[in-house]
file protein.txt (compact mmCIF, C-alpha atoms)
# COMPACT_ATOMS: atom_id res chain seq x y z
CA MET P 1 15.82 12.56 -15.98
CA ASP P 2 16.89 15.56 -18.03
CA THR P 3 13.77 17.49 -16.98
CA THR P 4 13.21 18.42 -13.35
CA LEU P 5 9.65 19.00 -12.12
CA ASN P 6 8.59 20.98 -9.06
CA ASN P 7 6.36 19.51 -6.34
CA ILE P 8 3.10 20.78 -7.85
CA GLU P 9 3.98 19.47 -11.30
CA VAL P 10 4.80 16.09 -9.74
CA ARG P 11 1.43 16.02 -7.96
CA VAL P 12 -0.47 16.99 -11.14
CA LEU P 13 1.32 14.40 -13.26
CA GLY P 14 0.83 11.66 -10.68
CA SER P 15 -2.86 12.49 -10.29
CA LEU P 16 -3.44 12.28 -14.04
CA ILE P 17 -1.78 8.86 -14.19
CA GLU P 18 -3.75 7.63 -11.18
CA LYS P 19 -7.14 8.62 -12.59
CA GLU P 20 -6.34 7.10 -15.98
CA LEU P 21 -5.63 3.76 -14.27
CA THR P 22 -8.32 3.79 -11.56
CA THR P 23 -11.27 5.65 -13.15
CA PRO P 24 -10.72 5.53 -16.94
CA GLU P 25 -14.40 6.31 -17.53
CA TYR P 26 -13.81 9.83 -16.17
CA TYR P 27 -10.47 10.38 -17.89
CA PRO P 28 -9.15 12.78 -19.32
CA LEU P 29 -9.75 15.24 -16.46
CA SER P 30 -11.20 18.73 -16.39
CA LEU P 31 -9.39 21.40 -14.40
CA ASN P 32 -11.89 21.04 -11.55
CA SER P 33 -11.59 17.25 -11.41
CA LEU P 34 -7.80 17.42 -11.61
CA THR P 35 -7.60 19.96 -8.79
CA ASN P 36 -9.80 17.72 -6.63
CA ALA P 37 -7.58 14.76 -7.47
CA CYS P 38 -4.45 16.68 -6.47
CA ASN P 39 -6.01 17.72 -3.15
CA GLN P 40 -7.67 14.45 -2.15
CA LYS P 41 -6.82 13.24 1.33
CA SER P 42 -6.46 9.57 0.41
CA ASN P 43 -3.43 8.09 -1.38
CA ARG P 44 -1.45 11.34 -1.08
CA ASP P 45 1.62 12.27 0.91
CA PRO P 46 1.79 15.04 1.74
CA VAL P 47 -1.84 16.13 1.49
CA ALA P 48 -1.94 19.33 -0.59
CA VAL P 49 -4.23 22.33 -0.80
CA LEU P 50 -3.77 23.56 -4.36
CA THR P 51 -5.87 26.20 -6.09
CA GLU P 52 -7.01 25.89 -9.69
CA GLU P 53 -4.49 28.63 -10.50
CA ASP P 54 -1.70 26.46 -9.05
CA VAL P 55 -2.82 23.56 -11.20
CA VAL P 56 -3.09 25.73 -14.34
CA ARG P 57 0.49 26.93 -13.90
CA ALA P 58 1.68 23.35 -13.45
CA LEU P 59 -0.30 22.23 -16.50
CA ASP P 60 1.20 24.99 -18.65
CA SER P 61 4.70 23.95 -17.58
CA LEU P 62 3.99 20.24 -18.13
CA ARG P 63 2.54 20.95 -21.56
CA PHE P 64 5.70 22.91 -22.47
CA LYS P 65 7.78 19.93 -21.29
CA GLN P 66 5.54 17.60 -23.34
CA PHE P 67 4.34 15.58 -20.37
CA VAL P 68 0.70 16.72 -20.63
CA VAL P 69 -1.59 17.66 -23.50
CA LEU P 70 -5.04 19.21 -23.86
CA SER P 71 -7.33 16.34 -24.86
CA ALA P 72 -8.83 16.51 -28.34
CA ASP P 73 -12.05 14.82 -27.15
CA GLY P 74 -12.79 17.21 -24.30
CA GLY P 75 -15.76 18.86 -26.01
CA ARG P 76 -16.63 22.32 -24.69
CA VAL P 77 -14.98 21.59 -21.32
CA SER P 78 -11.16 21.56 -21.52
CA LYS P 79 -9.72 18.26 -20.35
CA TYR P 80 -6.15 17.13 -19.85
CA ARG P 81 -4.24 13.87 -20.16
CA HIS P 82 -0.64 12.85 -19.56
CA LEU P 83 1.79 11.69 -22.26
CA LEU P 84 4.12 9.53 -20.17
CA ALA P 85 3.22 6.25 -21.85
CA GLU P 86 3.78 7.68 -25.34
CA LYS P 87 6.77 9.85 -24.47
CA LEU P 88 8.71 7.28 -22.45
CA GLY P 89 7.29 3.99 -23.75
CA LEU P 90 5.85 2.88 -20.41
CA MET P 91 3.63 -0.12 -19.75
CA PRO P 92 0.68 -0.06 -17.27
CA ALA P 93 2.71 -1.79 -14.53
CA GLU P 94 5.47 0.78 -14.87
CA LEU P 95 2.96 3.63 -14.83
CA ALA P 96 1.39 2.25 -11.64
CA VAL P 97 4.76 2.15 -9.84
CA LEU P 98 5.73 5.62 -11.04
CA CYS P 99 2.33 6.98 -10.06
CA GLU P 100 2.72 5.76 -6.48
CA LEU P 101 6.16 7.33 -6.22
CA LEU P 102 4.84 10.61 -7.66
CA VAL P 103 1.84 10.95 -5.34
CA ARG P 104 3.31 9.42 -2.15
CA GLY P 105 7.06 9.83 -2.33
CA PRO P 106 9.75 7.19 -1.64
CA GLN P 107 8.48 3.71 -0.79
CA THR P 108 9.66 0.14 -0.27
CA THR P 109 8.91 -2.72 -2.64
CA GLY P 110 6.24 -4.04 -0.27
CA GLU P 111 4.56 -0.65 0.04
CA LEU P 112 4.52 -0.25 -3.73
CA ARG P 113 2.93 -3.65 -4.21
CA THR P 114 0.22 -3.06 -1.59
CA ARG P 115 -0.62 0.47 -2.68
CA GLY P 116 -0.19 -0.14 -6.40
CA GLU P 117 -2.71 -3.01 -6.50
CA ARG P 118 -5.55 -0.52 -7.06
CA MET P 119 -3.93 0.42 -10.38
CA TYR P 120 -2.26 -2.80 -11.52
CA PRO P 121 -2.60 -6.42 -10.28
CA PHE P 122 0.96 -7.28 -9.25
CA GLY P 123 1.19 -11.00 -8.60
CA ASP P 124 3.89 -10.82 -5.96
CA LEU P 125 6.87 -8.82 -4.73
CA ALA P 126 9.04 -10.29 -7.47
CA ALA P 127 6.76 -8.75 -10.10
CA VAL P 128 7.16 -5.32 -8.51
CA GLU P 129 10.92 -5.79 -8.21
CA GLU P 130 11.10 -6.65 -11.91
CA VAL P 131 9.32 -3.42 -12.81
CA LEU P 132 11.57 -1.43 -10.48
CA GLN P 133 14.69 -2.84 -12.11
CA GLU P 134 13.34 -2.04 -15.57
CA LEU P 135 12.79 1.58 -14.53
CA ILE P 136 16.26 1.80 -12.96
CA GLN P 137 18.14 0.17 -15.82
CA ARG P 138 16.76 2.39 -18.59
CA GLU P 139 19.26 4.51 -20.51
CA ASN P 140 17.79 7.48 -18.63
CA PRO P 141 16.68 5.98 -15.27
CA LEU P 142 13.27 7.07 -14.01
CA ILE P 143 13.71 5.89 -10.41
CA THR P 144 16.52 5.16 -7.98
CA LEU P 145 17.03 3.11 -4.82
CA MET P 146 17.80 5.44 -1.94
CA PRO P 147 20.34 4.43 0.71
CA ARG P 148 18.85 2.44 3.58
CA GLN P 149 18.49 4.64 6.63
CA PRO P 150 19.56 3.48 10.12
CA GLY P 151 16.84 1.45 11.83
CA ARG P 152 15.11 0.48 8.60
CA LYS P 153 15.11 -3.00 7.12
CA GLU P 154 15.25 -1.96 3.48
CA GLY P 155 15.84 1.02 1.25
CA ARG P 156 13.11 2.98 -0.49
CA TYR P 157 12.69 3.75 -4.15
CA ALA P 158 12.21 7.32 -5.36
CA GLN P 159 11.19 8.83 -8.69
CA LEU P 160 13.70 11.02 -10.55
CA PHE P 161 11.29 13.51 -12.10
CA SER P 162 12.01 15.84 -9.17
CA ALA P 163 14.85 16.36 -6.71
CA LEU P 164 15.41 13.55 -4.22
CA PRO P 165 14.17 14.23 -0.69
CA GLU P 166 16.72 15.03 1.99
CA CYS P 167 17.50 12.34 4.54
CA GLY P 168 14.81 12.36 7.19
CA GLU P 169 12.07 13.60 4.88
CA GLU P 170 10.81 10.10 4.10
CA ASN P 171 7.69 8.84 5.79
CA SER P 172 8.06 7.13 9.14
CA GLU P 173 7.75 3.36 9.50
CA HIS P 174 5.10 3.52 12.22
CA ARG P 175 2.23 1.06 11.98
CA PRO P 176 -1.16 2.81 11.86
CA GLU P 177 -3.85 1.85 14.35
CA ALA P 178 -6.79 -0.31 13.21
CA ALA P 179 -9.18 2.61 13.73
CA ARG P 180 -7.00 4.82 11.52
CA LEU P 181 -6.99 2.20 8.77
CA ARG P 182 -10.80 2.12 8.89
CA VAL P 183 -10.94 5.92 8.65
CA VAL P 184 -8.54 5.88 5.70
CA ALA P 185 -10.68 3.29 3.91
CA GLU P 186 -13.79 5.40 4.50
CA ASN P 187 -11.99 8.52 3.25
CA ASP P 188 -10.93 6.63 0.12
CA ARG P 189 -14.55 5.68 -0.57
CA ILE P 190 -15.80 9.24 -0.02
CA ALA P 191 -13.00 10.71 -2.12
CA LYS P 192 -13.85 8.43 -5.03
CA LEU P 193 -17.54 9.37 -4.79
CA GLU P 194 -16.60 13.07 -4.76
CA GLU P 195 -14.45 12.59 -7.84
CA GLU P 196 -17.29 10.82 -9.65
CA VAL P 197 -19.74 13.60 -8.72
CA ALA P 198 -17.29 16.25 -9.98
CA ALA P 199 -16.84 14.36 -13.26
CA LEU P 200 -20.62 14.03 -13.70
CA ARG P 201 -21.06 17.75 -13.08
CA ASP P 202 -18.53 18.48 -15.79
CA GLU P 203 -20.38 16.19 -18.19
CA VAL P 204 -23.73 17.83 -17.40
CA ALA P 205 -22.22 21.29 -17.90
CA GLY P 206 -20.83 20.21 -21.26
CA LEU P 207 -24.20 18.76 -22.34
CA GLN P 208 -25.98 21.94 -21.28
CA GLN P 209 -23.59 24.03 -23.36
CA MET P 210 -24.10 21.75 -26.34
CA MET P 211 -27.89 21.95 -25.95
CA THR P 212 -27.76 25.73 -25.74
CA ALA P 213 -25.68 25.89 -28.92
CA PHE P 214 -28.05 23.47 -30.65
CA LYS P 215 -31.14 25.51 -29.73
CA ALA P 216 -29.44 28.69 -30.91
CA GLN P 217 -29.31 27.29 -34.43
CA PHE P 218 -33.13 27.43 -34.65
CA GLU P 219 -33.67 30.83 -33.11
call {"tool": "encode", "arguments": {"input": "protein.txt", "output": "structure tokens"}}
result
Amino acid sequence: MDTTLNNIEVRVLGSLIEKELTTPEYYPLSLNSLTNACNQKSNRDPVAVLTEEDVVRALDSLRFKQFVVLSADGGRVSKYRHLLAEKLGLMPAELAVLCELLVRGPQTTGELRTRGERMYPFGDLAAVEEVLQELIQRENPLITLMPRQPGRKEGRYAQLFSALPECGEENSEHRPEAARLRVVAENDRIAKLEEEVAALRDEVAGLQQMMTAFKAQFE
């Protein structure tokens, strides 16, 4: 990639892609919804604590780099959407893989298939591998296969929108306990409900503003 993004820009871009693929009814995203998406505890590594000011700065930079645009259908509440599909000619399967790498960092083919299923129905590992090769073999590659580290069975893929992590920064291969998996599933459900509530609040606020403007015409 000719353009290098910082960690916050990567998180913002990945969150926009994720919400477009998983909750299209609430996409594009308001600043509040986008900040919540960046900070959610599920499907993120590392978990972040970003302020709206952090997200605004990242949005301004991404807009300058033509990765994000202010949505034309946002009404009175400003909403944002990414331009990756248009700018780079990406298909949904490619967006799903890139999204996972943006919000969770380097991952194996198996991890990408398991975690990417919520955004795109990959049939098998071969389907994921095909997408990975397409992203690697582009004239300007968007991902790369990192060297396999000692003690690991396979290498991990990383996105090239930001600098590659140093050796040792990748996630460990430990297997989470069953109780932890149940907690993660519950957190995912709660996070999605919180996102839906935030989106509904934005819609209500927009409708209230429209109603106020409408009433003002007759006063």
call {"tool": "residues_around", "arguments": {"input": "protein.txt", "residues": "Ile143 (chain P)", "least_positions_apart": "3", "cutoff": "9 Å", "atoms": "all atoms listed in the file", "output": "list in words"}}
result
Met1, Leu98, Leu101, Leu132, Gln133, Leu135, Ile136, Tyr157, Ala158, Gln159, Leu160 and Phe161 of chain P
call {"tool": "atom_distance", "arguments": {"input": "protein.txt", "atom1": "CA of Ala37 (chain P)", "atom2": "CA of Glu111 (chain P)"}}
result
21.0 Å
call {"tool": "residues_around", "arguments": {"input": "protein.txt", "residues": "Arg63 (chain P)", "least_positions_apart": "2", "cutoff": "12 Å", "atoms": "only C-alpha atoms", "output": "ChimeraX atom specification"}}
result
/P:5,9,12-13,55-61,65-71,80-84
call {"tool": "closest_residue", "arguments": {"input": "protein.txt", "among": "P:Gly155, P:Ile17, P:Ala163, P:Ser33", "to": "Met91 (chain P)", "atoms": "all atoms listed in the file"}}
result
P:Ile17
call {"tool": "residues_around", "arguments": {"input": "protein.txt", "residues": "Thr114 (chain P)", "least_positions_apart": "2", "cutoff": "12 Å", "atoms": "all atoms listed in the file", "output": "PyMOL selection string"}}
result
chain P and resi 43+96-97+100+107-112+116-125+128
call {"tool": "atom_distance", "arguments": {"input": "protein.txt", "atom1": "CA of Leu164 (chain P)", "atom2": "CA of Pro28 (chain P)"}}
result
28.8 Å
call {"tool": "closest_residue", "arguments": {"input": "protein.txt", "among": "P:Leu62, P:Ile8, P:Gln217, P:Leu145", "to": "Val49 (chain P)", "atoms": "only C-alpha atoms"}}
result
P:Ile8
call {"tool": "closest_residue", "arguments": {"input": "protein.txt", "among": "P:Thr212, P:Lys153, P:Glu195, P:Glu94", "to": "Lys19 (chain P)", "atoms": "all atoms listed in the file"}}
result
P:Glu195
call {"tool": "atom_distance", "arguments": {"input": "protein.txt", "atom1": "CA of Glu86 (chain P)", "atom2": "CA of Glu129 (chain P)"}}
result
22.9 Å
call {"tool": "closest_residue", "arguments": {"input": "protein.txt", "among": "P:Ala93, P:Lys41, P:Cys99, P:Leu29", "to": "Ala72 (chain P)", "atoms": "only C-alpha atoms"}}
result
P:Leu29
call {"tool": "closest_residue", "arguments": {"input": "protein.txt", "among": "P:Val131, P:Asn39, P:Phe214, P:Ile190", "to": "Asp54 (chain P)", "atoms": "only C-alpha atoms"}}
result
P:Asn39
call {"tool": "closest_residue", "arguments": {"input": "protein.txt", "among": "P:Pro150, P:Leu90, P:Gly105, P:Glu194", "to": "Glu134 (chain P)", "atoms": "only C-alpha atoms"}}
result
P:Leu90
call {"tool": "axis_aligned_box", "arguments": {"input": "protein.txt", "around": "region 191-207 of chain P", "padding_each_side": "4 Å", "output": "JSON"}}
result
{"center_x": -18.6, "center_y": 14.9, "center_z": -12.2, "size_x": 19.2, "size_y": 20.9, "size_z": 28.2}
call {"tool": "decode", "arguments": {"input": "protein.txt", "residues": "region 70-146 of chain P", "atoms": "C-alpha atoms", "output": "short mmCIF file (atom, residue, chain, number, x, y, z; two decimals), in the first residue's frame"}}
result
data_model
loop_
_atom_site.label_atom_id
_atom_site.label_comp_id
_atom_site.auth_asym_id
_atom_site.auth_seq_id
_atom_site.Cartn_x
_atom_site.Cartn_y
_atom_site.Cartn_z
CA LEU P 70 -19.48 11.83 4.69
CA SER P 71 -22.68 10.08 3.60
CA ALA P 72 -25.05 12.09 1.43
CA ASP P 73 -28.10 10.39 2.99
CA GLY P 74 -27.24 11.13 6.61
CA GLY P 75 -29.99 13.71 7.09
CA ARG P 76 -29.40 16.14 9.96
CA VAL P 77 -27.08 13.69 11.74
CA SER P 78 -23.68 13.36 10.04
CA LYS P 79 -22.95 9.78 9.04
CA TYR P 80 -19.87 8.17 7.55
CA ARG P 81 -19.15 5.31 5.17
CA HIS P 82 -15.98 3.75 3.80
CA LEU P 83 -14.91 3.82 0.14
CA LEU P 84 -12.77 0.68 0.01
CA ALA P 85 -15.03 -1.24 -2.36
CA GLU P 86 -15.17 1.65 -4.84
CA LYS P 87 -11.57 2.78 -4.43
CA LEU P 88 -9.92 -0.64 -4.62
CA GLY P 89 -12.54 -2.69 -6.48
CA LEU P 90 -13.16 -5.14 -3.64
CA MET P 91 -15.83 -7.82 -3.46
CA PRO P 92 -17.74 -8.68 -0.21
CA ALA P 93 -15.56 -11.74 0.49
CA GLU P 94 -12.41 -9.64 0.17
CA LEU P 95 -13.88 -6.92 2.39
CA ALA P 96 -14.73 -9.52 5.05
CA VAL P 97 -11.15 -10.85 5.14
CA LEU P 98 -9.65 -7.36 5.20
CA CYS P 99 -12.06 -6.31 7.93
CA GLU P 100 -10.96 -9.17 10.19
CA LEU P 101 -7.32 -8.29 9.68
CA LEU P 102 -8.02 -4.62 10.39
CA VAL P 103 -9.95 -5.14 13.63
CA ARG P 104 -8.08 -8.19 15.01
CA GLY P 105 -4.61 -8.15 13.53
CA PRO P 106 -2.70 -11.05 11.92
CA GLN P 107 -4.59 -14.34 11.68
CA THR P 108 -4.36 -17.80 10.15
CA THR P 109 -6.57 -19.04 7.33
CA GLY P 110 -8.66 -21.06 9.79
CA GLU P 111 -9.14 -18.10 12.12
CA LEU P 112 -10.20 -15.90 9.22
CA ARG P 113 -12.76 -18.44 8.06
CA THR P 114 -14.26 -18.92 11.53
CA ARG P 115 -14.35 -15.25 12.44
CA GLY P 116 -15.26 -13.99 8.97
CA GLU P 117 -18.40 -16.16 8.72
CA ARG P 118 -20.44 -13.43 10.43
CA MET P 119 -19.72 -11.16 7.46
CA TYR P 120 -19.45 -13.56 4.53
CA PRO P 121 -20.41 -17.26 4.17
CA PHE P 122 -17.11 -18.89 3.22
CA GLY P 123 -17.75 -22.45 2.11
CA ASP P 124 -14.44 -23.88 3.27
CA LEU P 125 -10.79 -23.06 3.90
CA ALA P 126 -10.07 -23.22 0.18
CA ALA P 127 -12.51 -20.35 -0.41
CA VAL P 128 -10.68 -18.22 2.15
CA GLU P 129 -7.31 -19.17 0.70
CA GLU P 130 -8.50 -18.11 -2.76
CA VAL P 131 -9.48 -14.68 -1.44
CA LEU P 132 -6.17 -14.35 0.39
CA GLN P 133 -4.22 -15.09 -2.77
CA GLU P 134 -6.27 -12.57 -4.73
CA LEU P 135 -5.42 -9.88 -2.16
CA ILE P 136 -1.73 -10.84 -2.17
CA GLN P 137 -1.35 -11.03 -5.94
CA ARG P 138 -2.82 -7.61 -6.73
CA GLU P 139 -0.52 -5.10 -8.42
CA ASN P 140 -0.45 -3.30 -5.06
CA PRO P 141 -0.86 -6.12 -2.50
CA LEU P 142 -3.27 -5.44 0.35
CA ILE P 143 -2.12 -8.28 2.62
CA THR P 144 0.97 -10.41 3.18
CA LEU P 145 1.81 -13.78 4.71
CA MET P 146 4.04 -13.26 7.72
#
